[in-house]
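Q: Dropping in coords-v8.pdb, with PDB, C-alpha atoms.
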```
ATOM      1  CA  PRO A 727      70.288 -62.945 -71.709  1.00  0.00           C
ATOM      2  CA  ASP A 728      72.665 -65.322 -69.941  1.00  0.00           C
ATOM      3  CA  LYS A 729      71.868 -67.210 -66.723  1.00  0.00           C
ATOM      4  CA  MET A 730      72.882 -64.361 -64.384  1.00  0.00           C
ATOM      5  CA  GLU A 731      70.908 -61.818 -66.404  1.00  0.00           C
ATOM      6  CA  ARG A 732      67.825 -64.055 -66.389  1.00  0.00           C
ATOM      7  CA  GLU A 733      68.089 -64.481 -62.627  1.00  0.00           C
ATOM      8  CA  GLU A 734      68.333 -60.719 -62.109  1.00  0.00           C
ATOM      9  CA  LEU A 735      65.426 -60.101 -64.468  1.00  0.00           C
ATOM     10  CA  THR A 736      63.357 -62.690 -62.601  1.00  0.00           C
ATOM     11  CA  ARG A 737      64.179 -60.954 -59.309  1.00  0.00           C
ATOM     12  CA  LEU A 738      63.022 -57.607 -60.691  1.00  0.00           C
ATOM     13  CA  ILE A 739      59.835 -59.071 -62.140  1.00  0.00           C
ATOM     14  CA  ARG A 740      58.916 -60.844 -58.891  1.00  0.00           C
ATOM     15  CA  ALA A 741      59.571 -57.693 -56.870  1.00  0.00           C
ATOM     16  CA  ASP A 742      57.271 -55.768 -59.218  1.00  0.00           C
ATOM     17  CA  LEU A 743      54.556 -58.426 -58.973  1.00  0.00           C
ATOM     18  CA  HIS A 744      54.753 -58.397 -55.172  1.00  0.00           C
ATOM     19  CA  GLU A 745      54.448 -54.607 -55.174  1.00  0.00           C
ATOM     20  CA  GLN A 746      51.352 -54.868 -57.371  1.00  0.00           C
ATOM     21  CA  GLY A 747      49.830 -57.476 -55.049  1.00  0.00           C
ATOM     22  CA  ARG A 748      49.773 -60.098 -57.803  1.00  0.00           C
ATOM     23  CA  LEU A 749      51.729 -62.635 -55.754  1.00  0.00           C
ATOM     24  CA  GLY A 750      50.512 -64.087 -52.472  1.00  0.00           C
ATOM     25  CA  GLU A 751      52.450 -64.891 -49.315  1.00  0.00           C
ATOM     26  CA  THR A 752      55.903 -66.279 -50.029  1.00  0.00           C
ATOM     27  CA  PHE A 753      56.871 -69.801 -48.985  1.00  0.00           C
ATOM     28  CA  THR A 754      60.299 -71.421 -49.046  1.00  0.00           C
ATOM     29  CA  ALA A 755      60.217 -74.556 -51.196  1.00  0.00           C
ATOM     30  CA  ASN A 756      62.735 -77.270 -52.035  1.00  0.00           C
ATOM     31  CA  ALA A 757      63.895 -77.354 -55.643  1.00  0.00           C
ATOM     32  CA  LEU A 758      66.200 -79.590 -57.664  1.00  0.00           C
ATOM     33  CA  THR A 759      68.440 -78.193 -60.399  1.00  0.00           C
ATOM     34  CA  ASP A 760      69.934 -80.622 -62.905  1.00  0.00           C
ATOM     35  CA  LYS A 761      73.709 -80.842 -62.429  1.00  0.00           C
ATOM     36  CA  LEU A 762      74.009 -81.655 -66.158  1.00  0.00           C
ATOM     37  CA  LEU A 763      76.600 -84.405 -65.763  1.00  0.00           C
ATOM     38  CA  SER A 764      77.403 -86.164 -69.003  1.00  0.00           C
ATOM     39  CA  ASP A 765      77.391 -89.966 -69.007  1.00  0.00           C
ATOM     40  CA  LYS A 766      81.191 -89.854 -68.941  1.00  0.00           C
ATOM     41  CA  ASP A 767      81.343 -87.395 -66.029  1.00  0.00           C
ATOM     42  CA  ALA A 768      78.717 -89.342 -64.070  1.00  0.00           C
ATOM     43  CA  ARG A 769      81.097 -92.336 -63.914  1.00  0.00           C
ATOM     44  CA  ILE A 770      83.652 -90.291 -61.919  1.00  0.00           C
ATOM     45  CA  ALA A 771      83.075 -90.055 -58.157  1.00  0.00           C
ATOM     46  CA  ALA A 772      84.968 -86.751 -57.920  1.00  0.00           C
ATOM     47  CA  ASN A 773      82.171 -85.081 -59.889  1.00  0.00           C
ATOM     48  CA  TYR A 774      79.710 -85.750 -57.061  1.00  0.00           C
ATOM     49  CA  GLU A 775      79.392 -83.676 -53.895  1.00  0.00           C
ATOM     50  CA  VAL A 776      77.904 -84.476 -50.526  1.00  0.00           C
ATOM     51  CA  GLY A 777      74.321 -83.217 -50.659  1.00  0.00           C
ATOM     52  CA  ASP A 778      73.745 -83.971 -54.349  1.00  0.00           C
ATOM     53  CA  VAL A 779      70.426 -85.690 -54.986  1.00  0.00           C
ATOM     54  CA  ILE A 780      70.157 -88.615 -57.405  1.00  0.00           C
ATOM     55  CA  ARG A 781      66.864 -89.661 -58.945  1.00  0.00           C
ATOM     56  CA  TYR A 782      67.093 -93.203 -60.233  1.00  0.00           C
ATOM     57  CA  GLY A 783      65.049 -93.937 -63.328  1.00  0.00           C
ATOM     58  CA  SER A 784      63.790 -97.262 -64.630  1.00  0.00           C
ATOM     59  CA  LYS A 785      67.130 -98.942 -63.830  1.00  0.00           C
ATOM     60  CA  GLY A 786      67.431 -99.685 -60.119  1.00  0.00           C
ATOM     61  CA  SER A 787      69.706-102.260 -58.495  1.00  0.00           C
ATOM     62  CA  ASP A 788      68.501-105.404 -56.716  1.00  0.00           C
ATOM     63  CA  GLU A 789      72.009-105.977 -55.384  1.00  0.00           C
ATOM     64  CA  LEU A 790      72.210-102.528 -53.789  1.00  0.00           C
ATOM     65  CA  GLY A 791      68.541-102.436 -52.821  1.00  0.00           C
ATOM     66  CA  ILE A 792      67.827 -99.334 -54.903  1.00  0.00           C
ATOM     67  CA  SER A 793      64.365 -99.329 -56.423  1.00  0.00           C
ATOM     68  CA  PRO A 794      63.568 -97.685 -59.781  1.00  0.00           C
ATOM     69  CA  ASN A 795      62.118 -94.162 -59.741  1.00  0.00           C
ATOM     70  CA  THR A 796      63.383 -93.322 -56.238  1.00  0.00           C
ATOM     71  CA  TYR A 797      65.623 -90.597 -54.793  1.00  0.00           C
ATOM     72  CA  GLY A 798      68.861 -90.794 -52.836  1.00  0.00           C
ATOM     73  CA  THR A 799      71.244 -88.234 -51.332  1.00  0.00           C
ATOM     74  CA  VAL A 800      75.006 -88.404 -51.709  1.00  0.00           C
ATOM     75  CA  THR A 801      76.390 -88.673 -48.173  1.00  0.00           C
ATOM     76  CA  GLY A 802      79.981 -89.613 -48.952  1.00  0.00           C
ATOM     77  CA  VAL A 803      82.550 -89.343 -51.755  1.00  0.00           C
ATOM     78  CA  ASP A 804      85.784 -91.346 -52.001  1.00  0.00           C
ATOM     79  CA  ALA A 805      87.421 -89.924 -55.115  1.00  0.00           C
ATOM     80  CA  GLY A 806      90.566 -92.041 -54.684  1.00  0.00           C
ATOM     81  CA  ARG A 807      88.646 -95.325 -54.917  1.00  0.00           C
ATOM     82  CA  ASN A 808      85.958 -93.844 -57.185  1.00  0.00           C
ATOM     83  CA  LEU A 809      83.174 -94.653 -54.729  1.00  0.00           C
ATOM     84  CA  ILE A 810      80.120 -92.718 -53.597  1.00  0.00           C
ATOM     85  CA  THR A 811      77.764 -93.367 -50.694  1.00  0.00           C
ATOM     86  CA  VAL A 812      74.084 -92.712 -51.357  1.00  0.00           C
ATOM     87  CA  THR A 813      71.445 -92.746 -48.627  1.00  0.00           C
ATOM     88  CA  GLY A 814      67.836 -93.323 -49.624  1.00  0.00           C
ATOM     89  CA  ALA A 815      64.504 -92.611 -47.966  1.00  0.00           C
ATOM     90  CA  ASP A 816      64.992 -95.650 -45.701  1.00  0.00           C
ATOM     91  CA  ASP A 817      68.165 -94.027 -44.253  1.00  0.00           C
ATOM     92  CA  SER A 818      70.268 -97.008 -45.378  1.00  0.00           C
ATOM     93  CA  PRO A 819      73.589 -96.005 -47.027  1.00  0.00           C
ATOM     94  CA  ARG A 820      74.643 -97.699 -50.267  1.00  0.00           C
ATOM     95  CA  LEU A 821      78.308 -97.620 -51.279  1.00  0.00           C
ATOM     96  CA  TYR A 822      79.025 -98.161 -54.946  1.00  0.00           C
ATOM     97  CA  ASN A 823      81.269 -97.329 -57.879  1.00  0.00           C
ATOM     98  CA  PRO A 824      79.307 -95.122 -60.324  1.00  0.00           C
ATOM     99  CA  ALA A 825      81.402 -96.407 -63.223  1.00  0.00           C
ATOM    100  CA  ALA A 826      80.693-100.063 -62.434  1.00  0.00           C
ATOM    101  CA  GLU A 827      76.970 -99.456 -61.909  1.00  0.00           C
ATOM    102  CA  TRP A 828      76.622 -97.914 -65.358  1.00  0.00           C
ATOM    103  CA  GLN A 829      73.295 -99.605 -66.165  1.00  0.00           C
ATOM    104  CA  MET A 830      71.660 -98.097 -63.083  1.00  0.00           C
ATOM    105  CA  ARG A 831      73.304 -94.746 -63.746  1.00  0.00           C
ATOM    106  CA  LEU A 832      72.108 -94.752 -67.355  1.00  0.00           C
ATOM    107  CA  LYS A 833      68.605 -93.666 -66.370  1.00  0.00           C
ATOM    108  CA  ALA A 834      69.547 -91.583 -63.336  1.00  0.00           C
ATOM    109  CA  THR A 835      69.822 -87.818 -63.013  1.00  0.00           C
ATOM    110  CA  VAL A 836      72.016 -85.922 -60.552  1.00  0.00           C
ATOM    111  CA  TYR A 837      70.601 -82.720 -59.040  1.00  0.00           C
ATOM    112  CA  ILE A 838      71.797 -79.861 -56.867  1.00  0.00           C
ATOM    113  CA  PRO A 839      69.244 -79.192 -54.084  1.00  0.00           C
ATOM    114  CA  GLU A 840      68.249 -75.569 -53.599  1.00  0.00           C
ATOM    115  CA  GLU A 841      65.681 -73.495 -51.748  1.00  0.00           C
ATOM    116  CA  ARG A 842      63.344 -71.323 -53.794  1.00  0.00           C
ATOM    117  CA  GLU A 843      60.712 -68.778 -52.798  1.00  0.00           C
ATOM    118  CA  LEU A 844      57.298 -69.505 -54.277  1.00  0.00           C
ATOM    119  CA  ALA A 845      53.924 -67.815 -53.917  1.00  0.00           C
ATOM    120  CA  VAL A 846      50.352 -68.267 -55.071  1.00  0.00           C
ATOM    121  CA  GLY A 847      50.133 -66.573 -58.471  1.00  0.00           C
ATOM    122  CA  GLU A 848      53.747 -67.471 -59.268  1.00  0.00           C
ATOM    123  CA  ARG A 849      54.646 -68.280 -62.865  1.00  0.00           C
ATOM    124  CA  ILE A 850      56.662 -71.495 -63.062  1.00  0.00           C
ATOM    125  CA  GLN A 851      58.099 -73.796 -65.698  1.00  0.00           C
ATOM    126  CA  LEU A 852      58.103 -77.577 -65.291  1.00  0.00           C
ATOM    127  CA  THR A 853      61.573 -79.095 -65.604  1.00  0.00           C
ATOM    128  CA  ARG A 854      60.844 -82.827 -65.660  1.00  0.00           C
ATOM    129  CA  SER A 855      58.261 -84.895 -67.544  1.00  0.00           C
ATOM    130  CA  GLU A 856      55.923 -87.499 -66.097  1.00  0.00           C
ATOM    131  CA  TRP A 857      53.738 -88.375 -69.049  1.00  0.00           C
ATOM    132  CA  ASP A 858      51.353 -90.576 -67.071  1.00  0.00           C
ATOM    133  CA  HIS A 859      50.506 -87.575 -64.878  1.00  0.00           C
ATOM    134  CA  GLY A 860      50.226 -85.013 -67.665  1.00  0.00           C
ATOM    135  CA  ILE A 861      53.475 -83.304 -66.651  1.00  0.00           C
ATOM    136  CA  ARG A 862      55.512 -82.068 -69.632  1.00  0.00           C
ATOM    137  CA  VAL A 863      58.970 -80.557 -69.351  1.00  0.00           C
ATOM    138  CA  GLY A 864      58.956 -76.939 -70.536  1.00  0.00           C
ATOM    139  CA  ASN A 865      55.266 -76.340 -69.821  1.00  0.00           C
ATOM    140  CA  LEU A 866      54.463 -72.998 -68.194  1.00  0.00           C
ATOM    141  CA  ALA A 867      51.969 -72.891 -65.349  1.00  0.00           C
ATOM    142  CA  THR A 868      50.598 -70.679 -62.560  1.00  0.00           C
ATOM    143  CA  ILE A 869      50.570 -71.752 -58.915  1.00  0.00           C
ATOM    144  CA  GLU A 870      47.013 -71.766 -57.544  1.00  0.00           C
ATOM    145  CA  HIS A 871      47.676 -73.313 -54.131  1.00  0.00           C
ATOM    146  CA  ILE A 872      50.674 -74.321 -52.019  1.00  0.00           C
ATOM    147  CA  HIS A 873      50.003 -77.282 -49.725  1.00  0.00           C
ATOM    148  CA  GLU A 874      51.479 -77.713 -46.270  1.00  0.00           C
ATOM    149  CA  ASP A 875      53.444 -80.799 -47.346  1.00  0.00           C
ATOM    150  CA  GLY A 876      55.141 -78.869 -50.186  1.00  0.00           C
ATOM    151  CA  GLY A 877      52.847 -80.076 -52.957  1.00  0.00           C
ATOM    152  CA  LEU A 878      51.490 -77.619 -55.514  1.00  0.00           C
ATOM    153  CA  SER A 879      48.184 -77.124 -57.290  1.00  0.00           C
ATOM    154  CA  VAL A 880      48.963 -75.511 -60.638  1.00  0.00           C
ATOM    155  CA  LYS A 881      47.163 -74.571 -63.830  1.00  0.00           C
ATOM    156  CA  VAL A 882      49.071 -75.118 -67.050  1.00  0.00           C
ATOM    157  CA  ASP A 883      48.765 -72.449 -69.729  1.00  0.00           C
ATOM    158  CA  ALA A 884      47.077 -74.993 -72.008  1.00  0.00           C
ATOM    159  CA  GLY A 885      44.252 -75.157 -69.460  1.00  0.00           C
ATOM    160  CA  ALA A 886      44.894 -78.373 -67.524  1.00  0.00           C
ATOM    161  CA  SER A 887      44.974 -78.366 -63.720  1.00  0.00           C
ATOM    162  CA  LEU A 888      47.681 -80.491 -62.093  1.00  0.00           C
ATOM    163  CA  GLN A 889      48.312 -81.646 -58.549  1.00  0.00           C
ATOM    164  CA  LEU A 890      52.062 -81.924 -58.008  1.00  0.00           C
ATOM    165  CA  THR A 891      53.275 -84.110 -55.158  1.00  0.00           C
ATOM    166  CA  PRO A 892      56.091 -82.748 -52.955  1.00  0.00           C
ATOM    167  CA  GLU A 893      58.600 -84.746 -55.024  1.00  0.00           C
ATOM    168  CA  GLN A 894      57.152 -83.556 -58.346  1.00  0.00           C
ATOM    169  CA  ALA A 895      57.018 -79.969 -57.059  1.00  0.00           C
ATOM    170  CA  GLN A 896      60.799 -79.972 -56.686  1.00  0.00           C
ATOM    171  CA  HIS A 897      61.126 -80.061 -60.473  1.00  0.00           C
ATOM    172  CA  VAL A 898      60.029 -76.504 -61.251  1.00  0.00           C
ATOM    173  CA  LYS A 899      61.760 -73.194 -61.887  1.00  0.00           C
ATOM    174  CA  TYR A 900      60.587 -69.618 -62.322  1.00  0.00           C
ATOM    175  CA  GLY A 901      58.731 -69.050 -65.577  1.00  0.00           C
ATOM    176  CA  TYR A 902      59.438 -65.375 -66.189  1.00  0.00           C
ATOM    177  CA  ALA A 903      62.691 -64.916 -68.110  1.00  0.00           C
ATOM    178  CA  ILE A 904      62.183 -67.344 -71.016  1.00  0.00           C
ATOM    179  CA  GLU A 905      64.828 -67.601 -73.731  1.00  0.00           C
ATOM    180  CA  SER A 906      62.405 -68.347 -76.607  1.00  0.00           C
ATOM    181  CA  THR A 907      58.722 -67.671 -77.291  1.00  0.00           C
ATOM    182  CA  LYS A 908      58.362 -70.564 -79.738  1.00  0.00           C
ATOM    183  CA  ARG A 909      55.479 -72.917 -78.928  1.00  0.00           C
ATOM    184  CA  LEU A 910      54.781 -71.091 -75.654  1.00  0.00           C
ATOM    185  CA  ALA A 911      51.405 -69.678 -74.625  1.00  0.00           C
ATOM    186  CA  VAL A 912      52.246 -66.392 -72.910  1.00  0.00           C
ATOM    187  CA  ASP A 913      50.248 -63.311 -71.958  1.00  0.00           C
ATOM    188  CA  ARG A 914      53.038 -61.151 -70.504  1.00  0.00           C
ATOM    189  CA  VAL A 915      56.407 -60.439 -72.123  1.00  0.00           C
ATOM    190  CA  ILE A 916      59.435 -58.664 -70.656  1.00  0.00           C
ATOM    191  CA  LEU A 917      62.189 -57.423 -72.965  1.00  0.00           C
ATOM    192  CA  SER A 918      65.611 -56.243 -71.781  1.00  0.00           C
ATOM    193  CA  GLY A 919      68.533 -54.696 -73.616  1.00  0.00           C
ATOM    194  CA  GLU A 920      69.906 -51.427 -74.944  1.00  0.00           C
ATOM    195  CA  ALA A 921      67.357 -49.024 -76.428  1.00  0.00           C
ATOM    196  CA  GLU A 922      68.685 -49.391 -79.959  1.00  0.00           C
ATOM    197  CA  GLN A 923      68.590 -53.203 -79.615  1.00  0.00           C
ATOM    198  CA  ILE A 924      64.926 -53.160 -78.628  1.00  0.00           C
ATOM    199  CA  THR A 925      64.067 -50.739 -81.458  1.00  0.00           C
ATOM    200  CA  ALA A 926      65.774 -53.040 -83.949  1.00  0.00           C
ATOM    201  CA  GLN A 927      63.645 -56.042 -82.931  1.00  0.00           C
ATOM    202  CA  ARG A 928      60.617 -55.179 -85.085  1.00  0.00           C
ATOM    203  CA  GLU A 929      60.498 -58.626 -86.694  1.00  0.00           C
ATOM    204  CA  THR A 930      60.659 -60.375 -83.312  1.00  0.00           C
ATOM    205  CA  LEU A 931      57.937 -58.135 -81.891  1.00  0.00           C
ATOM    206  CA  SER A 932      55.693 -58.900 -84.857  1.00  0.00           C
ATOM    207  CA  GLN A 933      55.857 -62.607 -83.913  1.00  0.00           C
ATOM    208  CA  LEU A 934      54.609 -62.138 -80.349  1.00  0.00           C
ATOM    209  CA  PRO A 935      51.309 -63.881 -79.451  1.00  0.00           C
ATOM    210  CA  ALA A 936      48.177 -62.122 -80.734  1.00  0.00           C
ATOM    211  CA  LYS A 937      46.494 -62.356 -77.305  1.00  0.00           C
ATOM    212  CA  LEU A 938      49.375 -60.680 -75.489  1.00  0.00           C
ATOM    213  CA  HIS A 939      48.020 -58.565 -72.611  1.00  0.00           C
ATOM    214  CA  GLU A 940      51.155 -56.841 -71.357  1.00  0.00           C
ATOM    215  CA  ILE A 941      54.675 -56.052 -72.529  1.00  0.00           C
ATOM    216  CA  THR A 942      57.315 -54.380 -70.349  1.00  0.00           C
ATOM    217  CA  VAL A 943      60.700 -53.156 -71.559  1.00  0.00           C
ATOM    218  CA  PHE A 944      63.755 -52.631 -69.330  1.00  0.00           C
ATOM    219  CA  THR A 945      66.745 -50.772 -70.787  1.00  0.00           C
ATOM    220  CA  SER A 946      69.770 -48.981 -69.418  1.00  0.00           C
ATOM    221  CA  GLU A 947      68.359 -45.739 -70.889  1.00  0.00           C
ATOM    222  CA  GLY A 948      64.902 -46.103 -69.435  1.00  0.00           C
ATOM    223  CA  TYR A 949      63.358 -46.532 -72.902  1.00  0.00           C
ATOM    224  CA  GLN A 950      59.865 -48.011 -72.823  1.00  0.00           C
ATOM    225  CA  PRO A 951      57.846 -48.266 -76.067  1.00  0.00           C
ATOM    226  CA  ALA A 952      54.240 -47.158 -75.837  1.00  0.00           C
ATOM    227  CA  ALA A 953      51.467 -49.724 -76.326  1.00  0.00           C
ATOM    228  CA  SER A 954      50.489 -48.089 -79.637  1.00  0.00           C
ATOM    229  CA  GLU A 955      54.035 -48.464 -80.966  1.00  0.00           C
ATOM    230  CA  ILE A 956      54.125 -52.149 -79.997  1.00  0.00           C
ATOM    231  CA  ALA A 957      50.755 -52.694 -81.659  1.00  0.00           C
ATOM    232  CA  MET A 958      52.001 -50.990 -84.828  1.00  0.00           C
ATOM    233  CA  GLN A 959      55.099 -53.187 -84.834  1.00  0.00           C
ATOM    234  CA  LYS A 960      52.987 -56.349 -84.356  1.00  0.00           C
ATOM    235  CA  GLU A 961      50.740 -55.413 -87.276  1.00  0.00           C
ATOM    236  CA  SER A 962      53.592 -54.560 -89.633  1.00  0.00           C
TER     237      SER A 962
END
```
Please rewrite the model in this file as structure tokens.
A:
Amino acid sequence: PDKMEREELTRLIRADLHEQGRLGETFTANALTDKLLSDKDARIAANYEVGDVIRYGSKGSDELGISPNTYGTVTGVDAGRNLITVTGADDSPRLYNPAAEWQMRLKATVYIPEERELAVGERIQLTRSEWDHGIRVGNLATIEHIHEDGGLSVKVDAGASLQLTPEQAQHVKYGYAIESTKRLAVDRVILSGEAEQITAQRETLSQLPAKLHEITVFTSEGYQPAASEIAMQKES
């Protein structure tokens, strides 16, 4: 499924989980979505928008007073002069040319800030690695507690428990509509497509995890394979 289809599928899954009482009270959380600017595009001020969030990596700037591994918000764009203004946590604006400051930009990532509804019991996927803290991009986890400051207590599918700070907790997305099952530990699978497409996926079904607890199929024709049929397909 494409991005819009995955978003719709996620909406349906979450609505079903809420109806079953498997998700707790919903909270509105801040989230950051990678803007996916190439190195070339990131040098052009016109590709930035007011409100974009920049996370600077290991390359800060002593001249501009930007420390490594910090965040800033774009508060001004001058496309004609190829300049952007970025305001950090200290509320001090920094005006610079993103093309000239290429070394600092090399390790930076530009994000679009969004609001996302999260709940205890929510399935999430981590979108940014912090190896020193055991955070691995792509890992699936379940939210166990949502803290008042926006931090999250989560349990990764591999078994580890993590405490995500409010900043780290911004780098998550829903973990329901996954494009590939390779190297993922999952216990619930949702398939969507036309009935004949689902029926034709015997080889894919046979590769699903052995400890799978639940499989749900959504099709335009209302087709839903019985558990015995799925089991037969997995064993074939």
Q: Report as a PDB file with C-alpha atoms, keeping the file's coordinate frame the residues that result from applying the PyMOL selection byres ((chain A and resi 765) around 12) to the structure here.
A:
```
ATOM      1  CA  LYS A 761      73.709 -80.842 -62.429  1.00  0.00           C
ATOM      2  CA  LEU A 762      74.009 -81.655 -66.158  1.00  0.00           C
ATOM      3  CA  LEU A 763      76.600 -84.405 -65.763  1.00  0.00           C
ATOM      4  CA  SER A 764      77.403 -86.164 -69.003  1.00  0.00           C
ATOM      5  CA  LYS A 766      81.191 -89.854 -68.941  1.00  0.00           C
ATOM      6  CA  ASP A 767      81.343 -87.395 -66.029  1.00  0.00           C
ATOM      7  CA  ALA A 768      78.717 -89.342 -64.070  1.00  0.00           C
ATOM      8  CA  ARG A 769      81.097 -92.336 -63.914  1.00  0.00           C
ATOM      9  CA  ILE A 770      83.652 -90.291 -61.919  1.00  0.00           C
ATOM     10  CA  ASN A 773      82.171 -85.081 -59.889  1.00  0.00           C
ATOM     11  CA  PRO A 824      79.307 -95.122 -60.324  1.00  0.00           C
ATOM     12  CA  ALA A 825      81.402 -96.407 -63.223  1.00  0.00           C
ATOM     13  CA  GLU A 827      76.970 -99.456 -61.909  1.00  0.00           C
ATOM     14  CA  TRP A 828      76.622 -97.914 -65.358  1.00  0.00           C
ATOM     15  CA  GLN A 829      73.295 -99.605 -66.165  1.00  0.00           C
ATOM     16  CA  MET A 830      71.660 -98.097 -63.083  1.00  0.00           C
ATOM     17  CA  ARG A 831      73.304 -94.746 -63.746  1.00  0.00           C
ATOM     18  CA  LEU A 832      72.108 -94.752 -67.355  1.00  0.00           C
ATOM     19  CA  LYS A 833      68.605 -93.666 -66.370  1.00  0.00           C
ATOM     20  CA  ALA A 834      69.547 -91.583 -63.336  1.00  0.00           C
ATOM     21  CA  THR A 835      69.822 -87.818 -63.013  1.00  0.00           C
ATOM     22  CA  VAL A 836      72.016 -85.922 -60.552  1.00  0.00           C
TER      23      VAL A 836
END
```
Q: Neighbouring residues of Glu840 (chain A) were defined as those with any atom within 9 Å, considering all atoms listed in the file; residues of the same chain fewer than 5 positions away were excluded. Please report them as a list of chain:residue names.
A: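 Close residues of Glu840 (chain A): A:Ala755, A:Asn756, A:Ala757, A:Leu758, A:Thr759.
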Q: If we draw a sphere of 10 Å around (87.4, -89.8, -56.1), which residues have at least one atom in it when counting all atoms listed in the file? Please report them as a PyMOL selection string.
A: chain A and resi 770-774+803-810+823
Q: Within 8 Å of Ala815 (chain A), counting all atoms listed in the file, which residues show up once you throw out same-chain ones fewer than 3 positions away? Write them as a PDB file with C-alpha atoms, in the coordinates of the input, please.
A:
```pdb
ATOM      1  CA  TYR A 797      65.623 -90.597 -54.793  1.00  0.00           C
ATOM      2  CA  GLY A 798      68.861 -90.794 -52.836  1.00  0.00           C
ATOM      3  CA  SER A 818      70.268 -97.008 -45.378  1.00  0.00           C
TER       4      SER A 818
END
```
Q: Choose the residue, out of A:Arg862, A:Arg842, A:Arg781, A:Arg737, that has the smallest atom-to-atom separation from Asp883 (chain A); count all atoms listed in the file.
A: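 Answer, going by the shortest atom-to-atom distance: A:Arg862.
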Q: Just to confirm, what's the straight-line distance from CA of Asp858 (chain A) to CA of Gln894 (chain A) in Å (one decimal)?
A: 12.6 Å
Q: Can you measure CA of Thr736 (chain A) to CA of Val846 (chain A) for me? One decimal in Å is fine.
A: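 Those two atoms sit 16.0 Å apart.
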Q: Specify as a PyMOL selection string each residue included when the PyMOL selection byres ((chain A and resi 896-902) around 10) is applied to this file.
A: chain A and resi 732-733+735-737+739-740+755-760+837+839-844+848-855+863-868+876-878+890-895+903-905+912+914-916
Q: Suppose you want the space between CA of Gln889 (chain A) and CA of Glu745 (chain A); what is it in Å?
A: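 Answer for the CA of Gln889 (chain A) to CA of Glu745 (chain A) separation: 27.9 Å.
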Q: Go through A:Phe753, A:Thr796, A:Trp857, A:Leu743 and flag the residue nearest Asp875 (chain A), using all atoms listed in the file for the distances.
A: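 Once distances to Asp875 (chain A) are computed over all atoms listed in the file, the minimum belongs to A:Phe753.
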